[in-house]
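Visitor: My questions will all concern the structure given below.
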Amino acid sequence: MSKKIAVILSGCGVFDGAEIHESVCTLLAIDKAGASSVCFAPNINQHHVINHITGEEMDEQRNVLIEASRIARGAINDLADFDADEFDAVILPGGFGAAKNLSDFAFEGAQATVNDDVKAALQAMKRAQKPIGALCISPAVLAAVFGDVNVTIGSDAPTISEIEACGATHTISEHEQIIVDGDNKIVTSPCYMFDASIGQIAVGAEKTINALLELAA
């Protein structure tokens with residue numbers, strides 16, 4: 001039977017939700033590996049809405065679950081209904097939504113809190129000793145939830161400092177590289193924490209998925 005991987009999205013769009021390239025490359029990598037994916041998102045309002053052309057905040061409100069459904073082509077599930085028994089691994093693509101919607105790491109750094117449904121899903125997978133992946137800024141969410149884990153967001157010093165203040169170990173990485181914390185079954189890759197090409201993002205996502213599947217074997 002093929003492995004099943006949960007993908008936790010944080011909206012739709014790099015500046016206020018899930019990074020679309022990272023999300024799509026993740027879903028493609030899962031399919032290429034012969035596994036299946038199921039998308040989830042918390043049913044909450046976004047922290048704010050950003051005009052992706054101007055970078056300015058817009059005077060409107062959007063729902064994370066509804067926005068994430070754009071990436072999932074409508075096949076989205078409320079994260080409150082997540083059941084760790086049904087999955088072999090879970091992964092969080094990046095985008096500012098991970099640090100604004102799934103958590104408030106973008107504003108609080110090491111003092112960040114994580115959305116209850118996100119925290120519950122991640123903790124359930126860890127209790128079950130099932131592997132967890134995170135791309136771009138999303139490893140900061142893992143640091144906020146678990147503390148003593150080894151992750152990477154690349155080489156951005158201020159972000160590294162906040163992650164380490166959570167009690168986590170940070171390993172500096174380069175384009176297309178993954179860091180595997182075998183003891184905690186966590187795989188992370190920096191992706192768009194660098195000025196990367198979509199091809200480099202695809203490589204990082206594929207390496208992450210393949211490592212998760214190896215840990216799930």
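Labeling convention for the structure tokens: chains A, B, ... as they appear, residues from 1 per chain, ligands from 1 in order of appearance.
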Quick one: pick out all strand (DSSP E or B) residues within range 109-205 of chain A from a backbone DSSP run and write them as a ChimeraX atom specification.
Guide: /A:114,132-135,150-151,169-170,179-181,186-189
Visitor: Report as a PDB file with N, CA and C atoms, in the first residue's frame all protein, DNA and RNA residues lying within 8 Å of Asn45 in chain A, evaluated on only C-alpha atoms, omitting residues in the same chain fewer than 4 positions from it.
Guide:
```
ATOM      1  N   GLN A  61     -10.582  40.704   4.781  1.00  0.00           N
ATOM      2  CA  GLN A  61     -10.277  39.530   5.574  1.00  0.00           C
ATOM      3  C   GLN A  61     -10.493  38.283   4.739  1.00  0.00           C
ATOM      4  N   ARG A  62      -9.594  37.305   4.883  1.00  0.00           N
ATOM      5  CA  ARG A  62      -9.744  36.037   4.173  1.00  0.00           C
ATOM      6  C   ARG A  62      -9.523  34.881   5.139  1.00  0.00           C
ATOM      7  N   ASN A  63     -10.101  33.745   4.784  1.00  0.00           N
ATOM      8  CA  ASN A  63     -10.035  32.541   5.607  1.00  0.00           C
ATOM      9  C   ASN A  63      -8.923  31.629   5.112  1.00  0.00           C
ATOM     10  N   VAL A  64      -8.097  31.126   6.022  1.00  0.00           N
ATOM     11  CA  VAL A  64      -6.948  30.304   5.655  1.00  0.00           C
ATOM     12  C   VAL A  64      -7.387  29.031   4.935  1.00  0.00           C
ATOM     13  N   ASN A 101       0.020  32.816  10.217  1.00  0.00           N
ATOM     14  CA  ASN A 101      -1.280  32.167  10.398  1.00  0.00           C
ATOM     15  C   ASN A 101      -1.179  30.879  11.216  1.00  0.00           C
TER      16      ASN A 101
END
```
Visitor: Need the shell around range 158-169 of chain A: protein/DNA/RNA residues with any atom at most 6 Å away, counting only C-alpha atoms. Skip same-chain ones fewer than 4 positions apart. Format as a PyMOL selection string?
Guide: chain A and resi 109-110+140+143-144+147-150
Visitor: If DSSP is run on the backbone, what residues of range 19-118 of chain A are alpha helix (DSSP H)? A reply as number ranges by chain would be ideal.
Guide: A: 20-32, 64-71, 96-100, 105-108, 116-118
Visitor: What's the separation between CA of Val180 in chain A and CA of Thr208 in chain A, in Å to one decimal place?
Guide: 8.8 Å
Visitor: Pick out the residues sitting within 12 Å of range 11-17 of chain A, and hand them over as a ChimeraX atom specification; count only C-alpha atoms, and ignore anything fewer than 6 positions along from it in its own chain.
Guide: /A:23-24,39-58,61-73,76,92-104,106,136-138,192-193
Visitor: Would you mind telling me which residue in A:Leu135, A:Leu9, A:Lys3, A:Ala29 lies nearest to Val118 in chain A when using only C-alpha atoms?
Guide: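 Of A:Leu135, A:Leu9, A:Lys3, A:Ala29, the one nearest Val118 in chain A is A:Leu9, counting only C-alpha atoms.
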Visitor: At what distance in Å, to one decimal, does CA of Ala211 in chain A lie from CA of Thr113 in chain A?
Guide: 27.9 Å
Visitor: For Ile179 in chain A, list every protein, DNA or RNA residue within 7 Å, evaluated using only C-alpha atoms, and leave out those in the same chain fewer than 2 positions away; present the list as a list in words.
Guide: Val151, Thr152, Gln177, Asp181, Val187, Thr188 and Ser189 of chain A
Visitor: For the atom pair CA of Ile30 in chain A and CA of Asn115 in chain A, what is the interatomic distance in Å to one decimal place?
Guide: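 Here the two named atoms are 25.4 Å from each other.
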Visitor: Under the rule that only C-alpha atoms are counted, which of A:Ala134, A:Val203, A:Leu122, A:Val145 is the nearest residue to Ala18 in chain A?
Guide: A:Ala134
